[in-house]
Amino acid sequence: MNYILSKLLGYLRLMRPANILTAITDIIAGAAIVGFFEHGLNDLQSILQLGCLVIATIGLYGGGVVFNDVFDAKLDKVERPERPIPSGVISITEASVLGGYLLVVGILAAFTVSSFSGWIAVLTAVSALVYDKWAKHHSVLGPLLMGVCRGLNLSLGMSVYLVSLQGDFLWWIAVVPVAYIAAVTMISRDEVHGGTKTPLMRAAVTYALVIGVIGFFSYMTGQWLTVPLFLAFFAWLIYKPLLKAMKEPTGPNIGKSVKWGVLGLIAMNAAWTAAFAGSPYGLAVLAFLPLSIFLGKLFAVT
């Protein structure tokens, strides 16, 4: 019994449950951006499709982070020996099977919605594997590709319902999480040994631009009275640890900044959802945050 429980906990640690919740909110925010909550809630098929995309993102994100640990097994043996693979709880073969299964499930779930959704899922899986295996340690390509994975995930949510008054221009919104996660990934390189203030300052500027863009869209959609409250909370979540890390760029401080940069995605997606679907839906997305924080205390986020 203890052996089975140890294995299950090891698999969960590999999948990073707190992070998966942030990926689910990407899907919800993407659906809100293209008008799903205005047009699609009365259509059972659309609701089922949204559910399939949630399953897809669980598989894609879970598989991507599992393979991250598979390819980093040797490095983690030195820097993070407590993780499931270097500690011997989960073998590389077992982790590889889990990661492969999750990616396949994610891709198949997306194809049940549409071929367009399916190919977004394929591109997301390929991008994640390229990042995990080759691009991670590249100073420019690594953060950019990690951001692309998030942008694709938001696009996956947008693929559920393509009817919108704003038209194709909305697809450019997917660039925003690319920039945001690229900034978070850039500073994550120093979370083990510490670093300099420069990447942190660049992240601070990027965060401000992201907040400004969401604020602009909230004005365009007529939600400019309530969305700033979501953005203020988002800014508080991400800037508080970032400013502390800028004052003292040690590994632990940078690690906390990265953690809240990831968990802050829920607040960002809540703001997107409030901007395009209204505050009640934004609050529903924000309700994911307490659970994600709780899971983040049980399982590593970075």
# chains A, B, ... in the order shown; residues from 1 in each chain; ligands from 1

$ residues_around --residues "Gly157 (chain A)" --least-positions-apart "5" --cutoff "8 Å" --atoms "only C-alpha atoms" --output "list of chain:residue names"
A:Asp26, A:Ile27, A:Ile28, A:Ala29, A:Gly30, A:Ala31, A:Leu50, A:Leu53

$ write_last_selection --atoms "N, CA and C atoms" --output "PDB file, in the first residue's frame"
ATOM      1  N   ASP A  26      -6.274  29.064 -18.774  1.00  0.00           N
ATOM      2  CA  ASP A  26      -5.954  29.534 -20.132  1.00  0.00           C
ATOM      3  C   ASP A  26      -7.098  29.196 -21.085  1.00  0.00           C
ATOM      4  N   ILE A  27      -7.595  27.972 -20.980  1.00  0.00           N
ATOM      5  CA  ILE A  27      -8.669  27.509 -21.860  1.00  0.00           C
ATOM      6  C   ILE A  27      -9.932  28.327 -21.630  1.00  0.00           C
ATOM      7  N   ILE A  28     -10.260  28.560 -20.372  1.00  0.00           N
ATOM      8  CA  ILE A  28     -11.458  29.333 -20.051  1.00  0.00           C
ATOM      9  C   ILE A  28     -11.336  30.766 -20.559  1.00  0.00           C
ATOM     10  N   ALA A  29     -10.168  31.369 -20.345  1.00  0.00           N
ATOM     11  CA  ALA A  29      -9.952  32.740 -20.814  1.00  0.00           C
ATOM     12  C   ALA A  29     -10.025  32.814 -22.331  1.00  0.00           C
ATOM     13  N   GLY A  30      -9.418  31.843 -23.007  1.00  0.00           N
ATOM     14  CA  GLY A  30      -9.477  31.815 -24.466  1.00  0.00           C
ATOM     15  C   GLY A  30     -10.892  31.701 -24.970  1.00  0.00           C
ATOM     16  N   ALA A  31     -11.689  30.861 -24.316  1.00  0.00           N
ATOM     17  CA  ALA A  31     -13.097  30.709 -24.699  1.00  0.00           C
ATOM     18  C   ALA A  31     -13.856  32.016 -24.486  1.00  0.00           C
ATOM     19  N   LEU A  50     -15.768  22.392 -24.868  1.00  0.00           N
ATOM     20  CA  LEU A  50     -14.931  23.093 -23.907  1.00  0.00           C
ATOM     21  C   LEU A  50     -14.356  22.105 -22.890  1.00  0.00           C
ATOM     22  N   LEU A  53     -11.451  20.333 -24.377  1.00  0.00           N
ATOM     23  CA  LEU A  53     -10.247  21.166 -24.418  1.00  0.00           C
ATOM     24  C   LEU A  53      -9.601  21.272 -23.038  1.00  0.00           C
TER      25      LEU A  53
END

$ residues_around --residues "Gly10 (chain A)" --least-positions-apart "3" --cutoff "6 Å" --atoms "only C-alpha atoms" --output "list of chain:residue names"
A:Lys7, A:Arg13, A:Pro84

$ residues_around --residues "region 279-290 of chain A" --least-positions-apart "2" --cutoff "10 Å" --atoms "only C-alpha atoms" --output "VMD selection string"
chain A and resid 18 21 to 22 24 to 26 28 to 29 32 37 223 226 to 227 229 to 230 263 to 277 292 to 296

$ closest_atom_pairs --of "region 80-132 of chain A" --to "region 57-74 of chain A" --cutoff "8 Å" --atoms "only C-alpha atoms" --output "JSON lines"
{"residue": "A:Ile85", "atom": "CA", "partner": "A:Ala73", "partner_atom": "CA", "distance": 6.4}
{"residue": "A:Pro86", "atom": "CA", "partner": "A:Ala73", "partner_atom": "CA", "distance": 6.2}
{"residue": "A:Ile92", "atom": "CA", "partner": "A:Val70", "partner_atom": "CA", "distance": 6.0}
{"residue": "A:Ala95", "atom": "CA", "partner": "A:Val66", "partner_atom": "CA", "distance": 6.5}
{"residue": "A:Ser96", "atom": "CA", "partner": "A:Phe67", "partner_atom": "CA", "distance": 6.6}
{"residue": "A:Leu98", "atom": "CA", "partner": "A:Gly63", "partner_atom": "CA", "distance": 7.2}
{"residue": "A:Gly99", "atom": "CA", "partner": "A:Gly63", "partner_atom": "CA", "distance": 4.1}
{"residue": "A:Gly100", "atom": "CA", "partner": "A:Gly63", "partner_atom": "CA", "distance": 6.4}
{"residue": "A:Tyr101", "atom": "CA", "partner": "A:Gly63", "partner_atom": "CA", "distance": 7.5}
{"residue": "A:Leu102", "atom": "CA", "partner": "A:Gly59", "partner_atom": "CA", "distance": 4.3}
{"residue": "A:Leu103", "atom": "CA", "partner": "A:Leu60", "partner_atom": "CA", "distance": 5.0}
{"residue": "A:Val104", "atom": "CA", "partner": "A:Gly59", "partner_atom": "CA", "distance": 7.4}
{"residue": "A:Val105", "atom": "CA", "partner": "A:Gly59", "partner_atom": "CA", "distance": 5.8}
{"residue": "A:Gly106", "atom": "CA", "partner": "A:Gly59", "partner_atom": "CA", "distance": 4.2}
{"residue": "A:Ile107", "atom": "CA", "partner": "A:Leu60", "partner_atom": "CA", "distance": 7.3}
{"residue": "A:Ala121", "atom": "CA", "partner": "A:Leu60", "partner_atom": "CA", "distance": 7.3}
{"residue": "A:Thr124", "atom": "CA", "partner": "A:Leu60", "partner_atom": "CA", "distance": 7.3}
{"residue": "A:Ala125", "atom": "CA", "partner": "A:Leu60", "partner_atom": "CA", "distance": 6.2}
{"residue": "A:Ala128", "atom": "CA", "partner": "A:Gly64", "partner_atom": "CA", "distance": 5.5}
{"residue": "A:Leu129", "atom": "CA", "partner": "A:Gly64", "partner_atom": "CA", "distance": 6.6}
{"residue": "A:Asp132", "atom": "CA", "partner": "A:Asn68", "partner_atom": "CA", "distance": 4.9}

$ select_by_dssp --residues "region 87-277 of chain A" --states "alpha helix (DSSP H)" --output "VMD selection string"
chain A and resid 92 to 111 115 to 130 141 to 158 175 to 188 198 to 220 227 to 247 251 to 277

$ closest_residue --among "A:Lys240, A:His193, A:Lys259, A:Arg202" --to "Lys297 (chain A)" --atoms "only C-alpha atoms"
A:Lys259

$ residues_around --residues "Gly251 (chain A)" --least-positions-apart "5" --cutoff "12 Å" --atoms "only C-alpha atoms" --output "list in words"
Glu79, Ile187, Ser188, Arg189, Asp190, Glu191, Val192, His193, Gly194, Gly195, Thr196, Lys244, Ala245, Met246, Lys256, Ser257 and Val258 of chain A

$ closest_residue --among "A:Thr206, A:Ser159, A:Ser117, A:Ser6" --to "Gly35 (chain A)" --atoms "only C-alpha atoms"
A:Ser159

$ atom_distance --atom1 "CA of Leu75 (chain A)" --atom2 "CA of Leu145 (chain A)"
20.5 Å

$ atom_distance --atom1 "CA of Ala203 (chain A)" --atom2 "CA of Val184 (chain A)"
6.8 Å

$ decode --residues "region 178-221 of chain A" --atoms "N, CA and C atoms" --output "mmCIF file, in the first residue's frame"
data_model
loop_
_atom_site.group_PDB
_atom_site.id
_atom_site.type_symbol
_atom_site.label_atom_id
_atom_site.label_comp_id
_atom_site.auth_asym_id
_atom_site.auth_seq_id
_atom_site.Cartn_x
_atom_site.Cartn_y
_atom_site.Cartn_z
ATOM 1 N N VAL A 178 2.685 34.810 -24.392
ATOM 2 C CA VAL A 178 4.026 34.479 -24.885
ATOM 3 C C VAL A 178 5.052 35.389 -24.206
ATOM 4 N N ALA A 179 4.777 36.691 -24.216
ATOM 5 C CA ALA A 179 5.700 37.651 -23.609
ATOM 6 C C ALA A 179 5.781 37.450 -22.100
ATOM 7 N N TYR A 180 4.629 37.232 -21.471
ATOM 8 C CA TYR A 180 4.595 37.101 -20.015
ATOM 9 C C TYR A 180 5.389 35.883 -19.544
ATOM 10 N N ILE A 181 5.102 34.731 -20.123
ATOM 11 C CA ILE A 181 5.777 33.506 -19.687
ATOM 12 C C ILE A 181 7.243 33.502 -20.099
ATOM 13 N N ALA A 182 7.569 34.146 -21.213
ATOM 14 C CA ALA A 182 8.982 34.280 -21.585
ATOM 15 C C ALA A 182 9.735 35.027 -20.492
ATOM 16 N N ALA A 183 9.097 36.067 -19.916
ATOM 17 C CA ALA A 183 9.735 36.831 -18.841
ATOM 18 C C ALA A 183 9.892 35.981 -17.583
ATOM 19 N N VAL A 184 8.851 35.215 -17.245
ATOM 20 C CA VAL A 184 8.920 34.343 -16.064
ATOM 21 C C VAL A 184 10.004 33.283 -16.252
ATOM 22 N N THR A 185 10.053 32.694 -17.440
ATOM 23 C CA THR A 185 11.048 31.655 -17.724
ATOM 24 C C THR A 185 12.463 32.219 -17.681
ATOM 25 N N MET A 186 12.604 33.435 -18.148
ATOM 26 C CA MET A 186 13.918 34.078 -18.172
ATOM 27 C C MET A 186 14.486 34.217 -16.754
ATOM 28 N N ILE A 187 13.650 34.627 -15.802
ATOM 29 C CA ILE A 187 14.165 34.795 -14.442
ATOM 30 C C ILE A 187 14.294 33.452 -13.711
ATOM 31 N N SER A 188 13.591 32.410 -14.205
ATOM 32 C CA SER A 188 13.651 31.110 -13.526
ATOM 33 C C SER A 188 15.021 30.460 -13.627
ATOM 34 N N ARG A 189 15.844 30.918 -14.559
ATOM 35 C CA ARG A 189 17.177 30.340 -14.732
ATOM 36 C C ARG A 189 18.057 30.536 -13.498
ATOM 37 N N ASP A 190 17.704 31.541 -12.683
ATOM 38 C CA ASP A 190 18.544 31.873 -11.538
ATOM 39 C C ASP A 190 17.948 31.416 -10.205
ATOM 40 N N GLU A 191 16.886 30.595 -10.262
ATOM 41 C CA GLU A 191 16.201 30.262 -9.012
ATOM 42 C C GLU A 191 16.976 29.266 -8.148
ATOM 43 N N VAL A 192 17.987 28.603 -8.693
ATOM 44 C CA VAL A 192 18.771 27.659 -7.897
ATOM 45 C C VAL A 192 19.956 28.352 -7.242
ATOM 46 N N HIS A 193 20.717 29.103 -8.040
ATOM 47 C CA HIS A 193 21.963 29.686 -7.537
ATOM 48 C C HIS A 193 21.892 31.195 -7.319
ATOM 49 N N GLY A 194 20.771 31.815 -7.649
ATOM 50 C CA GLY A 194 20.698 33.264 -7.556
ATOM 51 C C GLY A 194 21.201 33.908 -8.833
ATOM 52 N N GLY A 195 21.026 35.227 -8.955
ATOM 53 C CA GLY A 195 21.430 35.878 -10.192
ATOM 54 C C GLY A 195 21.575 37.374 -10.033
ATOM 55 N N THR A 196 21.332 38.097 -11.135
ATOM 56 C CA THR A 196 21.468 39.549 -11.154
ATOM 57 C C THR A 196 20.088 40.199 -11.265
ATOM 58 N N LYS A 197 20.081 41.521 -11.145
ATOM 59 C CA LYS A 197 18.821 42.254 -11.190
ATOM 60 C C LYS A 197 18.301 42.458 -12.613
ATOM 61 N N THR A 198 19.162 42.354 -13.604
ATOM 62 C CA THR A 198 18.770 42.695 -14.975
ATOM 63 C C THR A 198 17.581 41.893 -15.490
ATOM 64 N N PRO A 199 17.588 40.548 -15.413
ATOM 65 C CA PRO A 199 16.410 39.803 -15.886
ATOM 66 C C PRO A 199 15.153 40.149 -15.103
ATOM 67 N N LEU A 200 15.302 40.449 -13.823
ATOM 68 C CA LEU A 200 14.161 40.808 -12.993
ATOM 69 C C LEU A 200 13.580 42.147 -13.423
ATOM 70 N N MET A 201 14.429 43.082 -13.787
ATOM 71 C CA MET A 201 13.962 44.385 -14.251
ATOM 72 C C MET A 201 13.257 44.256 -15.597
ATOM 73 N N ARG A 202 13.787 43.396 -16.457
ATOM 74 C CA ARG A 202 13.122 43.159 -17.742
ATOM 75 C C ARG A 202 11.744 42.535 -17.542
ATOM 76 N N ALA A 203 11.677 41.620 -16.581
ATOM 77 C CA ALA A 203 10.384 41.001 -16.268
ATOM 78 C C ALA A 203 9.404 42.043 -15.757
ATOM 79 N N ALA A 204 9.878 42.958 -14.921
ATOM 80 C CA ALA A 204 9.005 43.998 -14.375
ATOM 81 C C ALA A 204 8.404 44.854 -15.491
ATOM 82 N N VAL A 205 9.204 45.189 -16.484
ATOM 83 C CA VAL A 205 8.724 45.981 -17.622
ATOM 84 C C VAL A 205 7.709 45.170 -18.432
ATOM 85 N N THR A 206 8.010 43.905 -18.668
ATOM 86 C CA THR A 206 7.098 43.040 -19.432
ATOM 87 C C THR A 206 5.765 42.889 -18.718
ATOM 88 N N TYR A 207 5.810 42.695 -17.407
ATOM 89 C CA TYR A 207 4.575 42.585 -16.632
ATOM 90 C C TYR A 207 3.723 43.842 -16.808
ATOM 91 N N ALA A 208 4.362 45.005 -16.764
ATOM 92 C CA ALA A 208 3.633 46.267 -16.903
ATOM 93 C C ALA A 208 2.969 46.365 -18.276
ATOM 94 N N LEU A 209 3.678 45.933 -19.305
ATOM 95 C CA LEU A 209 3.106 45.955 -20.657
ATOM 96 C C LEU A 209 1.908 45.026 -20.758
ATOM 97 N N VAL A 210 2.022 43.840 -20.159
ATOM 98 C CA VAL A 210 0.911 42.888 -20.175
ATOM 99 C C VAL A 210 -0.317 43.485 -19.493
ATOM 100 N N ILE A 211 -0.119 44.091 -18.338
ATOM 101 C CA ILE A 211 -1.225 44.717 -17.611
ATOM 102 C C ILE A 211 -1.846 45.832 -18.450
ATOM 103 N N GLY A 212 -1.006 46.606 -19.125
ATOM 104 C CA GLY A 212 -1.503 47.685 -19.969
ATOM 105 C C GLY A 212 -2.342 47.179 -21.129
ATOM 106 N N VAL A 213 -1.920 46.094 -21.754
ATOM 107 C CA VAL A 213 -2.660 45.534 -22.887
ATOM 108 C C VAL A 213 -4.032 45.026 -22.434
ATOM 109 N N ILE A 214 -4.070 44.315 -21.315
ATOM 110 C CA ILE A 214 -5.351 43.817 -20.815
ATOM 111 C C ILE A 214 -6.259 44.990 -20.454
ATOM 112 N N GLY A 215 -5.672 46.026 -19.856
ATOM 113 C CA GLY A 215 -6.451 47.221 -19.537
ATOM 114 C C GLY A 215 -7.030 47.861 -20.793
ATOM 115 N N PHE A 216 -6.255 47.897 -21.859
ATOM 116 C CA PHE A 216 -6.737 48.456 -23.129
ATOM 117 C C PHE A 216 -7.931 47.675 -23.644
ATOM 118 N N PHE A 217 -7.844 46.352 -23.619
ATOM 119 C CA PHE A 217 -8.958 45.548 -24.118
ATOM 120 C C PHE A 217 -10.186 45.674 -23.215
ATOM 121 N N SER A 218 -9.971 45.856 -21.919
ATOM 122 C CA SER A 218 -11.121 46.042 -21.028
ATOM 123 C C SER A 218 -11.847 47.346 -21.364
ATOM 124 N N TYR A 219 -11.104 48.352 -21.784
ATOM 125 C CA TYR A 219 -11.709 49.609 -22.222
ATOM 126 C C TYR A 219 -12.487 49.394 -23.518
ATOM 127 N N MET A 220 -11.910 48.639 -24.434
ATOM 128 C CA MET A 220 -12.555 48.388 -25.721
ATOM 129 C C MET A 220 -13.844 47.580 -25.571
ATOM 130 N N THR A 221 -13.895 46.713 -24.584
ATOM 131 C CA THR A 221 -15.085 45.879 -24.386
ATOM 132 C C THR A 221 -16.082 46.501 -23.409
#
